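> Handing over coords25.txt, compact mmCIF, C-alpha atoms.
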```txt
# COMPACT_ATOMS: atom_id res chain seq x y z
CA MET A 1 43.03 58.53 -5.46
CA PRO A 2 45.76 56.02 -4.61
CA ARG A 3 46.51 55.29 -8.28
CA PHE A 4 47.13 58.91 -9.16
CA SER A 5 49.18 59.42 -6.01
CA PHE A 6 51.35 56.50 -7.16
CA LEU A 7 51.67 57.97 -10.65
CA LEU A 8 52.97 61.17 -9.11
CA ARG A 9 55.66 59.18 -7.29
CA LEU A 10 56.51 56.92 -10.22
CA PRO A 11 58.92 59.32 -12.00
CA VAL A 12 60.91 59.73 -8.77
CA ILE A 13 60.98 55.97 -8.10
CA LEU A 14 62.13 55.25 -11.66
CA ALA A 15 64.74 58.02 -11.53
CA LEU A 16 66.25 56.58 -8.34
CA ALA A 17 66.23 53.08 -9.82
CA HIS A 18 67.93 54.31 -13.00
CA GLY A 19 70.54 56.11 -10.91
CA TYR A 20 71.29 52.95 -8.94
CA VAL A 21 71.70 50.79 -12.06
CA ALA A 22 73.72 53.47 -13.87
CA VAL A 23 76.18 53.81 -10.99
CA ARG A 24 76.60 50.05 -10.65
CA MET A 25 77.02 49.54 -14.41
CA ALA A 26 79.38 52.51 -14.83
CA GLY A 27 81.88 50.94 -12.45
CA GLY A 28 81.65 47.47 -13.95
CA LEU A 29 81.79 48.63 -17.55
CA SER A 30 84.46 51.33 -17.08
CA ARG A 31 87.03 49.25 -19.00
CA PHE A 32 84.74 49.21 -22.04
CA ILE A 33 82.59 52.37 -21.83
CA HIS A 34 83.38 55.73 -20.26
CA PRO A 35 81.26 56.17 -17.09
CA ALA A 36 79.84 59.43 -18.45
CA SER A 37 78.58 57.59 -21.55
CA THR A 38 76.92 54.95 -19.37
CA GLY A 39 75.20 57.71 -17.42
CA LEU A 40 73.96 59.37 -20.60
CA MET A 41 72.57 56.07 -21.90
CA PHE A 42 70.55 55.52 -18.74
CA ALA A 43 69.35 59.13 -18.81
CA ALA A 44 68.14 58.58 -22.39
CA LEU A 45 66.44 55.31 -21.37
CA TYR A 46 64.65 57.09 -18.53
CA ALA A 47 63.51 59.90 -20.84
CA LEU A 48 62.17 57.37 -23.35
CA ILE A 49 60.19 55.56 -20.66
CA MET A 50 58.68 58.81 -19.40
CA ALA A 51 57.79 59.86 -22.94
CA GLY A 52 56.11 56.49 -23.50
CA PHE A 53 53.97 56.96 -20.39
CA LEU A 54 52.97 60.46 -21.48
CA MET A 55 52.00 59.27 -24.97
CA ARG A 56 50.03 56.18 -23.93
CA ARG A 57 46.86 58.30 -23.92
CA LYS A 58 47.46 59.21 -27.58
CA SER A 59 46.50 55.70 -28.69
CA GLY A 60 45.39 55.60 -32.32
CA ARG A 61 47.81 58.28 -33.49
CA PRO A 62 50.84 56.79 -35.31
CA ALA A 63 53.39 59.01 -33.58
CA GLY A 64 51.85 58.40 -30.16
CA ASP A 65 51.67 54.64 -30.69
CA ALA A 66 55.27 54.49 -31.91
CA LEU A 67 56.55 56.41 -28.90
CA ALA A 68 54.42 54.34 -26.52
CA TRP A 69 55.81 51.16 -28.11
CA ALA A 70 59.38 52.42 -27.68
CA GLY A 71 58.75 53.61 -24.13
CA PHE A 72 57.15 50.36 -22.98
CA LEU A 73 59.91 48.29 -24.57
CA ALA A 74 62.43 50.49 -22.78
CA LEU A 75 60.54 49.93 -19.52
CA GLY A 76 60.69 46.18 -20.04
CA LEU A 77 64.39 46.33 -20.80
CA PHE A 78 65.07 48.48 -17.73
CA SER A 79 63.04 46.11 -15.56
CA TRP A 80 65.47 43.35 -16.46
CA LEU A 81 68.50 45.62 -16.06
CA PHE A 82 67.32 46.49 -12.57
CA VAL A 83 66.55 42.90 -11.52
CA LEU A 84 69.81 41.56 -12.93
CA THR A 85 71.82 44.36 -11.32
CA VAL A 86 70.32 43.53 -7.93
CA LEU A 87 71.10 39.83 -8.48
CA ARG A 88 74.63 40.72 -9.61
CA ASP A 89 75.24 42.80 -6.49
CA LEU A 90 74.00 39.98 -4.30
CA ALA A 91 76.28 37.53 -6.11
CA LEU A 92 79.28 39.85 -5.72
CA LEU A 93 78.46 40.29 -2.04
CA VAL A 94 78.35 36.52 -1.52
CA ALA A 95 81.55 36.02 -3.52
CA GLY A 96 83.32 38.76 -1.55
CA ALA A 97 82.23 37.24 1.74
CA ALA A 98 83.43 33.81 0.64
CA TRP A 99 86.82 35.17 -0.32
CA LEU A 100 87.15 36.92 3.03
CA VAL A 101 86.34 33.70 4.87
CA TRP A 102 88.53 31.37 2.83
CA SER A 103 91.37 33.63 1.74
CA ALA A 104 91.39 36.37 4.36
CA SER A 105 91.58 38.97 1.58
CA LEU A 106 90.05 39.67 -1.79
CA GLN A 107 92.13 38.48 -4.73
CA GLY A 108 92.48 41.58 -6.89
CA PRO A 109 92.71 40.21 -10.45
CA THR A 110 90.08 37.51 -9.84
CA TRP A 111 87.70 39.99 -8.24
CA LEU A 112 88.09 42.48 -11.09
CA ALA A 113 87.52 39.74 -13.67
CA LEU A 114 84.34 38.67 -11.90
CA ARG A 115 83.14 42.26 -11.59
CA ASP A 116 83.73 43.00 -15.27
CA ALA A 117 82.30 39.72 -16.57
CA SER A 118 79.15 40.05 -14.47
CA ALA A 119 78.72 43.68 -15.57
CA LEU A 120 78.82 42.59 -19.24
CA ALA A 121 76.38 39.77 -18.49
CA VAL A 122 73.71 42.12 -17.14
CA PRO A 123 72.90 44.03 -20.39
CA SER A 124 73.41 40.89 -22.49
CA LEU A 125 70.93 38.87 -20.44
CA ALA A 126 68.54 41.84 -20.22
CA VAL A 127 68.36 42.16 -23.99
CA ALA A 128 67.87 38.39 -24.40
CA ALA A 129 65.07 38.36 -21.79
CA THR A 130 63.40 41.37 -23.40
CA LEU A 131 63.35 39.69 -26.81
CA ALA A 132 62.06 36.42 -25.34
CA GLY A 133 59.37 38.27 -23.42
CA LEU A 134 58.36 40.20 -26.52
CA PHE A 135 58.00 36.98 -28.50
CA ASN A 136 55.87 35.39 -25.76
CA ALA A 137 53.62 38.44 -25.44
CA ARG A 138 53.02 39.02 -29.13
CA ARG A 139 51.90 35.47 -29.86
CA ARG A 140 48.16 35.03 -29.76
CA ALA A 141 47.12 33.72 -26.35
CA SER A 142 46.75 29.94 -26.26
CA VAL A 143 43.59 28.18 -25.10
CA ARG A 144 43.92 26.70 -21.63
CA ASP A 145 41.49 23.95 -20.62
CA VAL A 146 40.26 24.19 -17.04
CA ASP A 147 37.94 21.46 -15.79
CA ILE A 148 36.23 22.43 -12.55
CA GLU A 149 35.14 19.39 -10.59
CA ILE A 150 31.82 19.94 -8.78
CA PRO A 151 30.31 17.25 -6.53
CA GLY A 152 26.63 16.75 -7.23
CA LEU A 153 26.45 19.13 -10.18
CA ALA A 154 23.18 18.77 -12.09
CA ALA A 155 23.62 16.36 -14.98
CA THR A 156 22.23 18.98 -17.36
CA LEU A 157 25.16 21.29 -16.53
CA ASP A 158 27.85 18.62 -16.78
CA GLY A 159 30.20 19.83 -19.53
CA TYR A 160 28.80 23.38 -19.60
CA THR A 161 31.56 25.45 -21.19
CA LEU A 162 32.51 29.09 -20.76
CA VAL A 163 35.33 30.87 -22.55
CA GLN A 164 36.98 33.57 -20.44
CA ILE A 165 38.75 36.50 -22.11
CA THR A 166 40.26 39.06 -19.79
CA ASP A 167 42.83 41.85 -19.61
CA LEU A 168 43.11 42.38 -23.36
CA HIS A 169 44.31 45.96 -22.79
CA VAL A 170 43.57 47.12 -26.33
CA GLY A 171 45.55 50.34 -26.66
CA PRO A 172 48.90 51.61 -27.91
CA THR A 173 50.43 48.18 -28.61
CA ILE A 174 47.45 45.80 -28.87
CA LYS A 175 45.25 46.48 -31.86
CA ARG A 176 42.45 45.06 -33.99
CA ARG A 177 44.55 42.27 -35.51
CA TYR A 178 45.25 40.74 -32.10
CA VAL A 179 41.61 41.14 -31.00
CA ASP A 180 40.41 39.46 -34.18
CA ALA A 181 42.75 36.49 -33.61
CA VAL A 182 41.44 36.10 -30.04
CA VAL A 183 37.82 36.23 -31.23
CA ARG A 184 38.42 33.56 -33.86
CA ALA A 185 40.13 31.30 -31.30
CA ALA A 186 37.25 31.74 -28.83
CA ASN A 187 34.60 30.99 -31.46
CA ARG A 188 36.40 27.81 -32.54
CA VAL A 189 35.80 26.39 -29.05
CA SER A 190 31.99 26.70 -29.57
CA PRO A 191 31.30 27.60 -25.91
CA ASP A 192 27.94 27.85 -24.22
CA ALA A 193 28.84 31.35 -22.98
CA ILE A 194 31.69 33.81 -23.39
CA VAL A 195 32.69 36.03 -20.48
CA LEU A 196 34.92 39.12 -20.59
CA THR A 197 36.22 39.89 -17.11
CA GLY A 198 37.48 43.44 -17.46
CA ASP A 199 40.45 45.58 -18.48
CA LEU A 200 39.59 45.24 -22.15
CA VAL A 201 40.78 48.73 -23.13
CA ASP A 202 43.36 51.42 -22.43
CA GLY A 203 42.01 54.48 -24.17
CA SER A 204 38.81 56.21 -25.16
CA VAL A 205 35.97 54.92 -27.32
CA ALA A 206 36.89 57.48 -29.99
CA GLN A 207 40.46 56.16 -30.11
CA LEU A 208 39.79 52.44 -29.94
CA ALA A 209 36.29 51.69 -31.26
CA SER A 210 37.63 50.30 -34.54
CA HIS A 211 40.11 48.08 -32.71
CA VAL A 212 37.55 46.45 -30.39
CA ALA A 213 35.05 46.01 -33.24
CA PRO A 214 35.86 42.28 -33.69
CA LEU A 215 34.32 41.63 -30.24
CA ALA A 216 30.94 41.97 -31.98
CA ASP A 217 31.73 38.68 -33.76
CA LEU A 218 31.97 36.64 -30.54
CA GLN A 219 29.45 33.80 -30.70
CA ALA A 220 28.05 31.66 -27.89
CA GLY A 221 24.73 29.90 -27.48
CA ASP A 222 23.87 31.56 -24.18
CA GLY A 223 25.40 34.94 -24.99
CA VAL A 224 28.44 37.12 -24.36
CA TYR A 225 28.83 38.84 -20.98
CA ALA A 226 31.27 41.39 -19.57
CA VAL A 227 32.16 43.27 -16.41
CA THR A 228 34.22 46.39 -15.91
CA GLY A 229 37.84 46.37 -14.76
CA ASN A 230 39.85 49.18 -13.24
CA HIS A 231 41.22 50.22 -16.64
CA GLU A 232 37.71 50.81 -17.96
CA TYR A 233 37.37 53.45 -15.25
CA TYR A 234 40.70 55.01 -16.19
CA SER A 235 39.45 55.20 -19.79
CA GLY A 236 35.83 56.30 -19.22
CA ALA A 237 33.63 53.46 -17.97
CA GLN A 238 30.23 54.84 -18.92
CA PRO A 239 31.04 55.40 -22.61
CA TRP A 240 32.70 51.99 -22.80
CA VAL A 241 29.78 50.18 -21.15
CA ALA A 242 27.43 51.82 -23.65
CA HIS A 243 29.72 50.92 -26.55
CA PHE A 244 30.15 47.30 -25.49
CA ARG A 245 26.37 46.97 -25.43
CA THR A 246 26.18 48.15 -29.04
CA LEU A 247 28.48 45.21 -29.88
CA GLY A 248 25.94 42.76 -28.47
CA ILE A 249 27.78 42.26 -25.18
CA GLN A 250 25.70 42.13 -22.00
CA VAL A 251 27.56 44.19 -19.41
CA LEU A 252 26.61 43.07 -15.91
CA MET A 253 26.74 45.91 -13.39
CA ASN A 254 26.03 44.25 -10.02
CA GLU A 255 23.34 42.15 -11.66
CA HIS A 256 22.71 38.64 -12.95
CA ARG A 257 21.12 36.60 -15.68
CA ALA A 258 19.34 33.27 -15.21
CA ILE A 259 20.27 30.80 -17.93
CA GLN A 260 17.91 27.88 -18.52
CA ARG A 261 19.35 24.50 -19.45
CA ASP A 262 16.79 21.69 -19.81
CA GLY A 263 14.84 22.83 -16.79
CA THR A 264 17.96 23.64 -14.75
CA VAL A 265 18.90 27.22 -13.87
CA LEU A 266 22.46 28.54 -14.01
CA VAL A 267 22.95 32.00 -12.51
CA LEU A 268 25.60 34.11 -14.24
CA ALA A 269 26.26 37.38 -12.41
CA GLY A 270 28.75 40.21 -12.66
CA VAL A 271 30.00 43.04 -10.48
CA THR A 272 31.68 46.32 -11.25
CA ASP A 273 35.41 46.54 -10.51
CA PHE A 274 36.46 46.25 -6.88
CA ASN A 275 37.53 49.93 -6.91
CA ALA A 276 34.69 51.27 -9.05
CA GLY A 277 33.21 53.18 -6.12
CA GLN A 278 36.30 55.40 -6.01
CA PHE A 279 35.36 56.69 -9.47
CA ASP A 280 31.56 56.64 -9.17
CA GLY A 281 29.83 56.02 -5.85
CA ALA A 282 26.77 54.70 -7.68
CA GLN A 283 28.88 51.88 -9.12
CA GLU A 284 30.26 50.46 -5.88
CA SER A 285 31.06 46.77 -6.41
CA ASP A 286 28.40 44.65 -4.67
CA PRO A 287 28.27 40.84 -5.06
CA ALA A 288 25.23 40.65 -2.77
CA ALA A 289 23.32 43.01 -5.08
CA ALA A 290 24.38 40.90 -8.05
CA MET A 291 22.80 37.85 -6.40
CA ARG A 292 19.65 39.63 -5.27
CA GLY A 293 16.53 38.20 -6.88
CA ALA A 294 18.29 35.17 -8.33
CA PRO A 295 16.22 31.96 -8.45
CA ALA A 296 16.48 30.19 -5.12
CA ASP A 297 16.55 26.81 -6.87
CA ALA A 298 19.50 27.69 -9.15
CA ALA A 299 21.75 24.67 -9.62
CA TYR A 300 24.97 26.70 -9.85
CA ARG A 301 25.98 30.34 -9.39
CA ILE A 302 28.91 32.00 -11.18
CA LEU A 303 30.21 35.51 -10.52
CA LEU A 304 32.33 37.54 -12.93
CA ALA A 305 34.57 39.86 -10.90
CA HIS A 306 37.64 41.53 -12.37
CA GLN A 307 39.77 41.46 -9.22
CA PRO A 308 40.32 38.26 -7.21
CA ARG A 309 39.90 40.19 -3.95
CA SER A 310 36.14 40.32 -4.59
CA ALA A 311 36.13 36.68 -3.49
CA VAL A 312 35.43 37.26 0.21
CA ALA A 313 32.19 39.14 -0.48
CA ALA A 314 31.29 36.80 -3.34
CA ALA A 315 31.57 33.70 -1.14
CA ALA A 316 29.46 35.39 1.54
CA ALA A 317 26.81 36.18 -1.10
CA GLY A 318 26.49 32.49 -1.94
CA PHE A 319 28.31 32.10 -5.25
CA ASP A 320 29.81 28.75 -6.18
CA LEU A 321 32.48 29.99 -8.60
CA GLN A 322 34.19 33.32 -9.25
CA LEU A 323 36.02 34.06 -12.51
CA SER A 324 38.61 36.84 -12.32
CA GLY A 325 41.64 38.33 -14.05
CA HIS A 326 43.56 41.52 -13.20
CA THR A 327 46.81 39.93 -12.01
CA HIS A 328 48.16 38.84 -15.43
CA GLY A 329 49.67 35.96 -13.45
CA GLY A 330 52.43 38.43 -12.61
CA GLN A 331 53.24 38.89 -16.35
CA ILE A 332 57.01 39.28 -15.87
CA TRP A 333 59.20 37.36 -13.46
CA PRO A 334 59.97 38.14 -10.64
CA TRP A 335 57.27 40.79 -10.18
CA LYS A 336 54.59 38.12 -9.75
CA TYR A 337 55.88 37.65 -6.21
CA LEU A 338 54.58 41.13 -5.37
CA VAL A 339 51.01 40.38 -6.50
CA PRO A 340 50.03 38.70 -3.19
CA LEU A 341 50.63 42.03 -1.47
CA GLN A 342 47.38 43.21 -3.08
CA GLN A 343 45.49 40.13 -4.26
CA PRO A 344 44.69 36.84 -2.47
CA PHE A 345 45.31 34.76 -5.60
CA VAL A 346 47.73 35.20 -8.51
CA ALA A 347 46.63 32.61 -11.08
CA GLY A 348 44.86 29.29 -11.40
CA LEU A 349 42.19 27.56 -9.35
CA HIS A 350 41.72 28.31 -5.65
CA ARG A 351 39.10 28.15 -2.93
CA GLN A 352 37.51 30.87 -0.83
CA GLY A 353 35.37 29.12 1.75
CA ASP A 354 32.87 26.97 -0.13
CA MET A 355 33.43 28.91 -3.36
CA GLN A 356 35.99 28.10 -6.04
CA VAL A 357 37.93 30.94 -7.71
CA TYR A 358 39.62 30.77 -11.07
CA VAL A 359 42.09 33.56 -11.89
CA SER A 360 43.17 33.88 -15.52
CA ARG A 361 46.68 35.05 -16.40
CA GLY A 362 45.09 37.39 -18.95
CA THR A 363 44.66 37.37 -22.71
CA GLY A 364 46.79 40.43 -23.48
CA TYR A 365 49.30 42.36 -21.39
CA TRP A 366 49.77 45.82 -19.91
CA GLY A 367 52.76 48.12 -20.22
CA PRO A 368 55.88 46.35 -21.49
CA PRO A 369 54.96 44.01 -24.38
CA MET A 370 56.57 41.16 -22.47
CA ARG A 371 55.63 37.95 -20.72
CA ILE A 372 58.12 35.81 -18.83
CA GLY A 373 56.95 32.99 -16.58
CA ALA A 374 53.25 33.87 -17.02
CA PRO A 375 51.96 33.01 -20.51
CA SER A 376 48.75 34.64 -21.69
CA GLU A 377 45.63 32.54 -22.01
CA ILE A 378 42.10 32.17 -23.29
CA ALA A 379 40.50 30.00 -20.61
CA ARG A 380 38.07 27.27 -21.67
CA ILE A 381 36.27 26.49 -18.42
CA ARG A 382 34.17 23.34 -18.23
CA LEU A 383 31.90 22.42 -15.35
CA ARG A 384 32.32 18.73 -14.53
CA ARG A 385 30.12 16.60 -12.33
CA THR A 386 32.05 14.44 -9.87
CA LYS A 387 31.28 12.10 -7.01
CA GLY A 388 34.50 13.13 -5.28
CA ASP A 389 35.10 15.32 -2.25
CA GLY A 390 35.26 18.58 -4.17
CA SER A 391 39.02 19.01 -3.95
CA LEU A 392 40.34 21.54 -6.41
CA GLN A 393 41.39 20.12 -9.73
CA ALA A 394 42.24 21.72 -13.03
CA THR A 395 43.62 20.30 -16.23
CA GLN A 396 45.62 22.30 -18.72
CA GLN A 397 46.48 21.79 -22.35
CA VAL A 398 47.46 24.11 -25.15
CA GLU A 399 45.79 24.16 -28.52
CA THR A 400 47.74 22.63 -31.37
CA ASP A 401 46.95 25.43 -33.79
CA VAL A 402 49.81 27.63 -34.99
CA GLN A 403 50.04 30.89 -33.04
CA GLN A 404 51.30 33.66 -35.24
CA MET A 405 53.04 36.77 -34.03
CA ILE A 406 50.43 39.56 -33.92
```
Before we go any further, please render this structure as structure tokens.


Amino acid sequence: MPRFSFLLRLPVILALAHGYVAVRMAGGLSRFIHPASTGLMFAALYALIMAGFLMRRKSGRPAGDALAWAGFLALGLFSWLFVLTVLRDLALLVAGAAWLVWSASLQGPTWLALRDASALAVPSLAVAATLAGLFNARRRASVRDVDIEIPGLAATLDGYTLVQITDLHVGPTIKRRYVDAVVRAANRVSPDAIVLTGDLVDGSVAQLASHVAPLADLQAGDGVYAVTGNHEYYSGAQPWVAHFRTLGIQVLMNEHRAIQRDGTVLVLAGVTDFNAGQFDGAQESDPAAAMRGAPADAAYRILLAHQPRSAVAAAAAGFDLQLSGHTHGGQIWPWKYLVPLQQPFVAGLHRQGDMQVYVSRGTGYWGPPMRIGAPSEIARIRLRRTKGDGSLQATQQVETDVQQMI
């Protein structure tokens, strides 16, 4: 499978990236640290990252969790070292070109001062960004209000509220305490329905059952619904689907539910992950199947689909709104600019044909416990009747409650 092929290449890619940064830093820091010492530090950082990846499947064991924590923090730190080194090299290249144009030759002392100062700035800024990202990630996700304007929406559905929780990634670094805080925040909103749009776990049921237990306390008048994400398939989708159902969560596998509201029907459907068929051919994602048999007179049709790229098939199947996650909004700048290489939408409200698509930035995080430029969220989605032209609109506000570090 493509994912496992990538994982086989990942150690080589990371090793080359570490080598590049180590060489660039060794030269710039040679006045302060012996180049051999710089090389050893980057070798140790690489080893820690690899160990963290190897131990991420040992979630629930103290030693495994501690090493995974250290490895993912190291990965976050290296991500910033790499990005800042690239930016530093570009800046030095521009500065060198400018000197050649204006002075005909590089000015030795000035050039060396710039080289050394910029080399010291890279690790300093990387550490600062890592700490800021850690703080942002470990705060409980805030509630984001999203009003979806719908021309001609049935009056009985005006103000219908769903709370979307997605991409929790309960595993080595996200545990029961964080899940419990998210559940309490969702319940305070008093939604009509709660939807979980995949990637809830990173580990087996045996390892994480106690940590996802608070999900059983989610409360909504019309129920709690979930769909699978790609990480459920990495962790054992069938056992997790069965376990979620024991928690009172309705897992929608290419199927729908018809919700009655004062004589009006709202269709709430869900599909398996976009790539589910690669793991189990019987679970191929199918928005058309999810719509099949739905009441023809339904006033509004919502699809839960983990990946935004389900939108093309969802629009063709006749859905009015798709709720997705998966992208984390990019999670860490500047990597969000790579998301469009795989997904049509990164975050926020968009349109696919006649269908609107809302993509959450995610409620947890994956890998490095860091968020920069893409804060986590619990989306409170309200359907709003409008007489307008249906142009996309969304409002955002953050709850005023205190968000503790989890």

> Calculate how many Å separate atom CA of Tyr233 of chain A from atom CA of Asp280 of chain A, rounding to one decimal.

9.0 Å

> Give me the residues within 9 Å of Gly236 of chain A as a list of chain:residue names, counting only C-alpha atoms and dropping any in the same chain fewer than 5 places off.

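Neighbouring residues, sequence-local ones excluded: A:Gly203, A:Ser204, A:Val205, A:His231, A:Val241.
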
> Skip Arg261 of chain A itself and residues of its chain fewer than 5 positions away, then list as a ChimeraX atom specification all residues within 8 Å of it, counting all atoms listed in the file.

/A:156-157,266

> Between atom CA of Thr166 of chain A and atom CA of Asp273 of chain A, what is the distance in Å, rounded to a tenth?

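Value for the atom CA of Thr166 of chain A-atom CA of Asp273 of chain A distance: 12.9 Å.
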
> What's the separation between atom CA of Thr85 of chain A and atom CA of Met25 of chain A, in Å to one decimal place?

8.0 Å

> Can you tell me, as a list in words, what residues are no more than 10 Å from Ile332 of chain A when counting only C-alpha atoms, ignoring any on the same chain fewer than 6 positions away?

Gly76, Ser79, Trp80, Gly133, Tyr365, Pro368, Pro369, Met370, Arg371, Ile372, Gly373, Ala374 and Pro375 of chain A

> For the residues selected in the previous step, produce a file with C-alpha atoms as an mmCIF file, keeping the file's coordinate frame.


```cif
data_model
loop_
_atom_site.group_PDB
_atom_site.id
_atom_site.type_symbol
_atom_site.label_atom_id
_atom_site.label_comp_id
_atom_site.auth_asym_id
_atom_site.auth_seq_id
_atom_site.Cartn_x
_atom_site.Cartn_y
_atom_site.Cartn_z
ATOM 1 C CA GLY A 76 60.690 46.180 -20.040
ATOM 2 C CA SER A 79 63.040 46.110 -15.560
ATOM 3 C CA TRP A 80 65.470 43.350 -16.460
ATOM 4 C CA GLY A 133 59.370 38.270 -23.420
ATOM 5 C CA TYR A 365 49.300 42.360 -21.390
ATOM 6 C CA PRO A 368 55.880 46.350 -21.490
ATOM 7 C CA PRO A 369 54.960 44.010 -24.380
ATOM 8 C CA MET A 370 56.570 41.160 -22.470
ATOM 9 C CA ARG A 371 55.630 37.950 -20.720
ATOM 10 C CA ILE A 372 58.120 35.810 -18.830
ATOM 11 C CA GLY A 373 56.950 32.990 -16.580
ATOM 12 C CA ALA A 374 53.250 33.870 -17.020
ATOM 13 C CA PRO A 375 51.960 33.010 -20.510
#
```

> Kindly provide the residues of segment 260-289 of chain A that approach segment 295-300 of chain A to within 12 Å, each paired with its closest atom pair and their distance in Å to one decimal, based on all atoms listed in the file, listed by chain and increasing number, as a tab-separated table.


```
residue	atom	partner	partner_atom	distance
A:Gln260	CA	A:Ala298	CA	9.5
A:Arg261	CA	A:Ala299	CA	10.1
A:Asp262	CA	A:Ala299	CA	11.7
A:Gly263	CA	A:Ala299	CA	10.1
A:Thr264	CA	A:Ala299	CA	6.5
A:Val265	CA	A:Ala298	CA	4.8
A:Leu266	CA	A:Tyr300	CA	5.2
A:Val267	CA	A:Tyr300	CA	6.3
A:Leu268	CA	A:Tyr300	CA	8.6
A:Ala269	CA	A:Tyr300	CA	11.1
```

> Find, counting all atoms listed in the file, the residue in A:Pro334, A:Gly19, A:Gly248, A:Gly362 that gets nearest to Val182 of chain A.

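Distance minimum relative to Val182 of chain A lands on A:Gly362.
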
> Calculated over all atoms listed in the file, which of the candidates A:Ala119, A:Leu200, A:Leu112, A:Val23 has the smallest distance to Trp366 of chain A?

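Checking each of A:Ala119, A:Leu200, A:Leu112, A:Val23 against Trp366 of chain A, counting all atoms listed in the file, the winner is A:Leu200.
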
> For Gln307 of chain A, please output as number ranges by chain all residues within 7 Å (counting all atoms listed in the file; exclusion window: fewer than 4 positions along the same chain).

A: 273-274, 324-326

> Could you save the residues just selected, with C-alpha atoms, as a short mmCIF file (atom, residue, chain, number, x, y, z; two decimals), keeping the file's coordinate frame?


```
data_model
loop_
_atom_site.label_atom_id
_atom_site.label_comp_id
_atom_site.auth_asym_id
_atom_site.auth_seq_id
_atom_site.Cartn_x
_atom_site.Cartn_y
_atom_site.Cartn_z
CA ASP A 273 35.41 46.54 -10.51
CA PHE A 274 36.46 46.25 -6.88
CA SER A 324 38.61 36.84 -12.32
CA GLY A 325 41.64 38.33 -14.05
CA HIS A 326 43.56 41.52 -13.20
#
```

> Closest to Ala132 of chain A among A:Arg88, A:Asp158, A:Leu77, A:Gly348, using only C-alpha atoms?

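For Ala132 of chain A, the nearest of the given residues is A:Leu77.
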
> Rank A:Thr173, A:Gly28, A:Tyr46, A:Leu168 by their smallest atom-to-atom distance to Ala113 of chain A, using only C-alpha atoms, and report the top residue only.

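Going through A:Thr173, A:Gly28, A:Tyr46, A:Leu168 one by one, the smallest distance to Ala113 of chain A is for A:Gly28.
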
> With only C-alpha atoms as the atoms that count, which of A:Asp202, A:Gly52, A:Ser37, A:Pro340 lies nearest to Gly71 of chain A?

A:Gly52

> At a cut-off of 12 Å, using all atoms listed in the file, what residues contact Ala209 of chain A? Leave out same-chain residues fewer than 2 positions from it and give the result as a list in words.

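Once the adjacent positions are removed, what remains is Ser59, Gly60, Val170, Gly171, Lys175, Arg176, Val179, Leu200, Val201, Asp202, Gly203, Ser204, Val205, Ala206, Gln207, His211, Val212, Ala213, Pro214, Leu215, Ala216, Pro239, Trp240, Ala242, His243, Phe244, Thr246 and Leu247 of chain A.
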
> Now that the selection is made, can you save its residues with C-alpha atoms as a compact mmCIF listing (two decimals), in the coordinates of the input?


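Heads up, here's the output in again-v1.txt:
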```
# COMPACT_ATOMS: atom_id res chain seq x y z
CA SER A 59 46.50 55.70 -28.69
CA GLY A 60 45.39 55.60 -32.32
CA VAL A 170 43.57 47.12 -26.33
CA GLY A 171 45.55 50.34 -26.66
CA LYS A 175 45.25 46.48 -31.86
CA ARG A 176 42.45 45.06 -33.99
CA VAL A 179 41.61 41.14 -31.00
CA LEU A 200 39.59 45.24 -22.15
CA VAL A 201 40.78 48.73 -23.13
CA ASP A 202 43.36 51.42 -22.43
CA GLY A 203 42.01 54.48 -24.17
CA SER A 204 38.81 56.21 -25.16
CA VAL A 205 35.97 54.92 -27.32
CA ALA A 206 36.89 57.48 -29.99
CA GLN A 207 40.46 56.16 -30.11
CA HIS A 211 40.11 48.08 -32.71
CA VAL A 212 37.55 46.45 -30.39
CA ALA A 213 35.05 46.01 -33.24
CA PRO A 214 35.86 42.28 -33.69
CA LEU A 215 34.32 41.63 -30.24
CA ALA A 216 30.94 41.97 -31.98
CA PRO A 239 31.04 55.40 -22.61
CA TRP A 240 32.70 51.99 -22.80
CA ALA A 242 27.43 51.82 -23.65
CA HIS A 243 29.72 50.92 -26.55
CA PHE A 244 30.15 47.30 -25.49
CA THR A 246 26.18 48.15 -29.04
CA LEU A 247 28.48 45.21 -29.88
```

> Let me make sure I understand: among A:Ile174, A:Leu125, A:Ala347, A:Ala237, which one has the smallest atom-to-atom distance to Asp65 of chain A if we use only C-alpha atoms?

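Once distances to Asp65 of chain A are computed over only C-alpha atoms, the minimum belongs to A:Ile174.
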
> Place a sphere of radius 7 Å on (46.2, 33.8, -25.9) in the file coordinates and name every protein, DNA or RNA residue with an atom inside or on its surface, counting all atoms listed in the file; give the answer as a ChimeraX atom specification.

/A:140-143,182,363,376-378

> Is there a way to get, as a ChimeraX atom specification, all residues within 6 Å of the point (31.9, 41.8, -5.1) in file coordinates, counting all atoms listed in the file?

/A:271,285-287,310,313-314
